[in-house]
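Down below is the structure, laid out as structure tokens.
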Amino acid sequence: MVETSRHKHIKMIMQIFIYIFCIFLALMCVIPFIIMVVNGTRSTVEIQQQAVTLLPSVHIMDNIQYMSLGVFNAWIGFKNSMIVSVGATACAVYFSSLTAYALMAYDWRLRQPFFTFILAVMMIPAQVSAIGFYQFVFRIGLTNSLLPFIIPAIASPTIVFFMRQYLLATFSIDIVNSARIDGAKELYTFNRIVLPMMKPAMAMQAIFVFVSSWNNLFMPLVLLTDYNKFTMPVMVSQLRGNIYRTELGAIYLGLTLSVLPLFIVYFSLSRYIIAGVQLGGIKE
């Protein structure tokens, strides 16, 4: 009895330490966002004097007024970023899932070399192809268009690799063969049978692609010169002003507005990820 009571006491102490550690990690993740929101209510002088504080100030209207002077248009930024992010996410997730399905469901001679080629493409940094990509886009006349940020997402080797690995653990060719025997077409089988099985993996990759597309600043700065085509990160970059005047409070406020859609997308898709983890936990 004494040993059992002592064991329970030690177990309870360990659980308390685990909870405290998890709370600490949660605070470490949340505090930077709180500081960003708070700094959006402060002036440049206050931020320079004390960069880290959890107490809001009274300069939020001044920051909003500075943002509305013409260098920042939240509506244009949100609209363009939403078009790019949603389009790139839909293309990347769907066509990458389709490619991964082709690598699993069909036995063709060049299947392994094709997968090896995909792995090789993953090793090439995106910055290496930036100059060639700009020259190509310039020659076809799409330098001030949102299409160069959407269409290339169809070829996403990293997502193809992830989807293939996910199908290796969850996919059964017998399901596809049964659908073929029943007379189902290939695309119908993929869209109605295979695609629902891949929801957890698709949700996870959709979050990554959406966040990456939304936060993309380098290529929009290179390809976009039309103010009406600026995405949200480019709009926020315009708030830097010049070397004589930089409104840090307005920049923090712009970053806060830019981050809000990312929270919405994450909390909308996180339930699919949790469902996938639970499904994998009870799989026999």
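Numbering starts fresh at 1 for the residues of each chain in the structure tokens, the chains themselves are lettered A, B, ... in the order given, and ligands are numbered from 1 as they appear.
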
> Contacts of segment 148-161 of chain A at 6 Å or less, counting only C-alpha atoms, minus same-chain residues fewer than 5 places along, as a PyMOL selection string?
Replying inline: chain A and resi 84+87-88+91-92+95-96+100+118+122

Take the residues from that selection and put them in a file with all heavy atoms, as a compact mmCIF listing (two decimals), in the first residue's frame.
```txt
# COMPACT_ATOMS: atom_id res chain seq x y z
N VAL A 84 -3.93 34.94 -54.47
CA VAL A 84 -2.70 34.19 -54.65
C VAL A 84 -2.65 32.98 -53.73
O VAL A 84 -2.35 31.85 -54.16
CB VAL A 84 -1.48 35.10 -54.41
CG1 VAL A 84 -0.19 34.27 -54.36
CG2 VAL A 84 -1.38 36.15 -55.51
N GLY A 87 -5.49 30.33 -54.54
CA GLY A 87 -5.21 29.68 -55.82
C GLY A 87 -4.01 28.77 -55.74
O GLY A 87 -4.05 27.63 -56.23
N ALA A 88 -2.93 29.23 -55.12
CA ALA A 88 -1.72 28.41 -55.01
C ALA A 88 -1.96 27.19 -54.13
O ALA A 88 -1.49 26.09 -54.43
CB ALA A 88 -0.56 29.24 -54.46
N CYS A 91 -4.15 24.61 -56.12
CA CYS A 91 -3.36 23.95 -57.18
C CYS A 91 -2.33 23.01 -56.59
O CYS A 91 -2.18 21.86 -57.06
CB CYS A 91 -2.67 25.00 -58.05
SG CYS A 91 -3.78 25.98 -59.08
N ALA A 92 -1.62 23.46 -55.58
CA ALA A 92 -0.54 22.65 -55.01
C ALA A 92 -1.08 21.38 -54.36
O ALA A 92 -0.57 20.28 -54.60
CB ALA A 92 0.26 23.47 -54.00
N PHE A 95 -3.17 18.92 -57.20
CA PHE A 95 -2.35 18.28 -58.22
C PHE A 95 -1.20 17.47 -57.61
O PHE A 95 -0.79 16.46 -58.19
CB PHE A 95 -1.81 19.33 -59.19
CG PHE A 95 -2.85 19.87 -60.12
CD1 PHE A 95 -3.44 21.11 -59.88
CD2 PHE A 95 -3.27 19.15 -61.22
CE1 PHE A 95 -4.42 21.61 -60.73
CE2 PHE A 95 -4.25 19.64 -62.08
CZ PHE A 95 -4.83 20.87 -61.83
N SER A 96 -0.71 17.87 -56.46
CA SER A 96 0.30 17.06 -55.78
C SER A 96 -0.30 15.76 -55.28
O SER A 96 0.34 14.70 -55.35
CB SER A 96 0.92 17.85 -54.63
OG SER A 96 1.59 19.00 -55.09
N ALA A 100 0.84 12.05 -56.45
CA ALA A 100 1.18 11.00 -55.49
C ALA A 100 0.31 9.76 -55.69
O ALA A 100 0.79 8.63 -55.58
CB ALA A 100 1.01 11.54 -54.06
N ILE A 118 11.74 13.76 -58.84
CA ILE A 118 11.04 14.66 -57.91
C ILE A 118 11.91 14.94 -56.69
O ILE A 118 12.01 16.08 -56.22
CB ILE A 118 9.69 14.06 -57.50
CG1 ILE A 118 8.74 14.03 -58.70
CG2 ILE A 118 9.06 14.85 -56.35
CD1 ILE A 118 7.41 13.35 -58.42
N MET A 122 13.63 18.61 -55.36
CA MET A 122 13.50 19.13 -54.00
C MET A 122 14.80 19.72 -53.47
O MET A 122 14.78 20.60 -52.61
CB MET A 122 13.03 18.02 -53.06
CG MET A 122 11.59 17.59 -53.24
SD MET A 122 11.17 16.17 -52.17
CE MET A 122 11.65 16.79 -50.56
```

> With distances taken over only C-alpha atoms, which of A:Phe133, A:Phe72, A:Phe138, A:Tyr106 is nearest to Val176 of chain A?
Replying inline: A:Tyr106

> What lies within 10 Å of segment 51-56 of chain A using only C-alpha atoms, ignoring chain neighbours under 6 positions off, as a PyMOL selection string?
Replying inline: chain A and resi 31-32+34-42+44-45

Saved selection, atoms kept: N, CA and C atoms, as a PDB file, in the first residue's frame:
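What ended up in part18.pdb:
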```pdb
ATOM      1  N   ILE A  31       3.256  34.803 -26.639  1.00  0.00           N
ATOM      2  CA  ILE A  31       3.750  36.127 -26.240  1.00  0.00           C
ATOM      3  C   ILE A  31       4.250  36.963 -27.423  1.00  0.00           C
ATOM      4  N   PRO A  32       4.994  36.411 -28.398  1.00  0.00           N
ATOM      5  CA  PRO A  32       5.405  37.254 -29.536  1.00  0.00           C
ATOM      6  C   PRO A  32       4.232  37.871 -30.283  1.00  0.00           C
ATOM      7  N   ILE A  34       1.303  38.576 -28.931  1.00  0.00           N
ATOM      8  CA  ILE A  34       0.753  39.608 -28.040  1.00  0.00           C
ATOM      9  C   ILE A  34       1.596  40.880 -28.126  1.00  0.00           C
ATOM     10  N   ILE A  35       2.906  40.733 -28.131  1.00  0.00           N
ATOM     11  CA  ILE A  35       3.793  41.896 -28.242  1.00  0.00           C
ATOM     12  C   ILE A  35       3.567  42.616 -29.569  1.00  0.00           C
ATOM     13  N   MET A  36       3.362  41.850 -30.646  1.00  0.00           N
ATOM     14  CA  MET A  36       3.119  42.458 -31.953  1.00  0.00           C
ATOM     15  C   MET A  36       1.827  43.277 -31.932  1.00  0.00           C
ATOM     16  N   VAL A  37       0.769  42.730 -31.341  1.00  0.00           N
ATOM     17  CA  VAL A  37      -0.506  43.449 -31.267  1.00  0.00           C
ATOM     18  C   VAL A  37      -0.377  44.687 -30.386  1.00  0.00           C
ATOM     19  N   VAL A  38       0.308  44.545 -29.263  1.00  0.00           N
ATOM     20  CA  VAL A  38       0.480  45.681 -28.350  1.00  0.00           C
ATOM     21  C   VAL A  38       1.299  46.787 -29.004  1.00  0.00           C
ATOM     22  N   ASN A  39       2.369  46.425 -29.702  1.00  0.00           N
ATOM     23  CA  ASN A  39       3.195  47.438 -30.367  1.00  0.00           C
ATOM     24  C   ASN A  39       2.435  48.156 -31.479  1.00  0.00           C
ATOM     25  N   GLY A  40       1.386  47.529 -31.994  1.00  0.00           N
ATOM     26  CA  GLY A  40       0.548  48.196 -32.977  1.00  0.00           C
ATOM     27  C   GLY A  40      -0.238  49.364 -32.401  1.00  0.00           C
ATOM     28  N   THR A  41      -0.301  49.451 -31.077  1.00  0.00           N
ATOM     29  CA  THR A  41      -0.995  50.561 -30.411  1.00  0.00           C
ATOM     30  C   THR A  41      -0.022  51.606 -29.868  1.00  0.00           C
ATOM     31  N   ARG A  42       1.272  51.453 -30.119  1.00  0.00           N
ATOM     32  CA  ARG A  42       2.283  52.333 -29.547  1.00  0.00           C
ATOM     33  C   ARG A  42       2.923  53.190 -30.628  1.00  0.00           C
ATOM     34  N   THR A  44       6.401  55.187 -32.349  1.00  0.00           N
ATOM     35  CA  THR A  44       7.772  54.790 -32.659  1.00  0.00           C
ATOM     36  C   THR A  44       8.705  55.079 -31.490  1.00  0.00           C
ATOM     37  N   VAL A  45       8.516  56.227 -30.844  1.00  0.00           N
ATOM     38  CA  VAL A  45       9.380  56.593 -29.714  1.00  0.00           C
ATOM     39  C   VAL A  45       9.222  55.603 -28.570  1.00  0.00           C
TER      40      VAL A  45
END
```

>> Using only C-alpha atoms, which protein or nucleic acid residues come within 10 Å of Phe171 of chain A? Drop anything in the same chain fewer than 6 positions from it, and give the result as a ChimeraX atom specification.
In response: /A:101,104-105,164-165,194,197-198

Go ahead and dump the residues you just picked, all heavy atoms, as a PDB file, in the first residue's frame.
```
ATOM      1  N   TYR A 101      -0.947   9.987 -56.018  1.00  0.00           N
ATOM      2  CA  TYR A 101      -1.851   8.858 -56.299  1.00  0.00           C
ATOM      3  C   TYR A 101      -1.379   8.092 -57.534  1.00  0.00           C
ATOM      4  O   TYR A 101      -1.410   6.855 -57.558  1.00  0.00           O
ATOM      5  CB  TYR A 101      -3.267   9.387 -56.498  1.00  0.00           C
ATOM      6  CG  TYR A 101      -4.239   8.367 -57.036  1.00  0.00           C
ATOM      7  CD1 TYR A 101      -4.700   7.323 -56.235  1.00  0.00           C
ATOM      8  CD2 TYR A 101      -4.696   8.447 -58.353  1.00  0.00           C
ATOM      9  CE1 TYR A 101      -5.591   6.383 -56.729  1.00  0.00           C
ATOM     10  CE2 TYR A 101      -5.585   7.506 -58.855  1.00  0.00           C
ATOM     11  CZ  TYR A 101      -6.031   6.486 -58.029  1.00  0.00           C
ATOM     12  OH  TYR A 101      -6.910   5.556 -58.521  1.00  0.00           O
ATOM     13  N   MET A 104       1.356   5.750 -56.743  1.00  0.00           N
ATOM     14  CA  MET A 104       0.974   4.613 -55.930  1.00  0.00           C
ATOM     15  C   MET A 104       0.047   3.645 -56.656  1.00  0.00           C
ATOM     16  O   MET A 104       0.155   2.422 -56.479  1.00  0.00           O
ATOM     17  CB  MET A 104       0.281   5.111 -54.657  1.00  0.00           C
ATOM     18  CG  MET A 104       1.189   5.857 -53.704  1.00  0.00           C
ATOM     19  SD  MET A 104       2.496   4.811 -53.014  1.00  0.00           S
ATOM     20  CE  MET A 104       1.506   3.572 -52.200  1.00  0.00           C
ATOM     21  N   ALA A 105      -0.857   4.160 -57.459  1.00  0.00           N
ATOM     22  CA  ALA A 105      -1.922   3.326 -58.026  1.00  0.00           C
ATOM     23  C   ALA A 105      -1.561   2.692 -59.354  1.00  0.00           C
ATOM     24  O   ALA A 105      -2.191   1.709 -59.760  1.00  0.00           O
ATOM     25  CB  ALA A 105      -3.198   4.160 -58.186  1.00  0.00           C
ATOM     26  N   ARG A 164       2.869  11.122 -51.049  1.00  0.00           N
ATOM     27  CA  ARG A 164       3.214   9.736 -51.354  1.00  0.00           C
ATOM     28  C   ARG A 164       3.531   8.959 -50.088  1.00  0.00           C
ATOM     29  O   ARG A 164       3.100   7.812 -49.923  1.00  0.00           O
ATOM     30  CB  ARG A 164       4.407   9.685 -52.307  1.00  0.00           C
ATOM     31  CG  ARG A 164       4.854   8.273 -52.666  1.00  0.00           C
ATOM     32  CD  ARG A 164       6.117   8.286 -53.499  1.00  0.00           C
ATOM     33  NE  ARG A 164       6.572   6.940 -53.796  1.00  0.00           N
ATOM     34  CZ  ARG A 164       7.370   6.224 -52.998  1.00  0.00           C
ATOM     35  NH1 ARG A 164       7.783   6.760 -51.847  1.00  0.00           N
ATOM     36  NH2 ARG A 164       7.747   5.000 -53.334  1.00  0.00           N
ATOM     37  N   GLN A 165       4.285   9.575 -49.182  1.00  0.00           N
ATOM     38  CA  GLN A 165       4.595   8.896 -47.924  1.00  0.00           C
ATOM     39  C   GLN A 165       3.334   8.656 -47.096  1.00  0.00           C
ATOM     40  O   GLN A 165       3.219   7.647 -46.411  1.00  0.00           O
ATOM     41  CB  GLN A 165       5.603   9.722 -47.124  1.00  0.00           C
ATOM     42  CG  GLN A 165       6.947   9.915 -47.807  1.00  0.00           C
ATOM     43  CD  GLN A 165       7.579   8.588 -48.210  1.00  0.00           C
ATOM     44  OE1 GLN A 165       7.720   8.277 -49.386  1.00  0.00           O
ATOM     45  NE2 GLN A 165       7.957   7.810 -47.215  1.00  0.00           N
ATOM     46  N   VAL A 194     -10.335   8.317 -52.999  1.00  0.00           N
ATOM     47  CA  VAL A 194      -8.973   8.517 -52.502  1.00  0.00           C
ATOM     48  C   VAL A 194      -8.817   9.871 -51.829  1.00  0.00           C
ATOM     49  O   VAL A 194      -8.215   9.981 -50.757  1.00  0.00           O
ATOM     50  CB  VAL A 194      -7.961   8.366 -53.657  1.00  0.00           C
ATOM     51  CG1 VAL A 194      -6.541   8.592 -53.155  1.00  0.00           C
ATOM     52  CG2 VAL A 194      -8.085   6.986 -54.290  1.00  0.00           C
ATOM     53  N   MET A 197      -9.770  10.200 -48.205  1.00  0.00           N
ATOM     54  CA  MET A 197      -8.824   9.509 -47.333  1.00  0.00           C
ATOM     55  C   MET A 197      -7.615  10.371 -47.008  1.00  0.00           C
ATOM     56  O   MET A 197      -6.937  10.162 -45.991  1.00  0.00           O
ATOM     57  CB  MET A 197      -8.366   8.207 -48.004  1.00  0.00           C
ATOM     58  CG  MET A 197      -9.460   7.179 -48.220  1.00  0.00           C
ATOM     59  SD  MET A 197      -8.901   5.811 -49.281  1.00  0.00           S
ATOM     60  CE  MET A 197      -7.360   5.376 -48.496  1.00  0.00           C
ATOM     61  N   MET A 198      -7.336  11.336 -47.855  1.00  0.00           N
ATOM     62  CA  MET A 198      -6.131  12.150 -47.712  1.00  0.00           C
ATOM     63  C   MET A 198      -6.403  13.492 -47.028  1.00  0.00           C
ATOM     64  O   MET A 198      -5.531  14.367 -47.011  1.00  0.00           O
ATOM     65  CB  MET A 198      -5.514  12.394 -49.095  1.00  0.00           C
ATOM     66  CG  MET A 198      -5.161  11.124 -49.844  1.00  0.00           C
ATOM     67  SD  MET A 198      -4.575  11.437 -51.531  1.00  0.00           S
ATOM     68  CE  MET A 198      -3.038  12.290 -51.195  1.00  0.00           C
TER      69      MET A 198
END
```

> Between A:Gly132, A:Pro200, A:Gly183, A:Pro233, which one has atoms that come closest to Ile76 of chain A, using only C-alpha atoms?
Replying inline: A:Pro233

> Which of segment 121-230 of chain A counts as helix (DSSP H, G or I) under DSSP, as a PyMOL selection string please?
Replying inline: chain A and resi 121-122+126-139+147-149+151-154+157-170+173-181+186-197+199-215+218-223+227-229

> Quick one: distance from atom CA of Ile83 of chain A to atom CA of Thr231 of chain A in Å, one decimal?
Replying inline: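 Between these atoms lies a distance of 9.4 Å.
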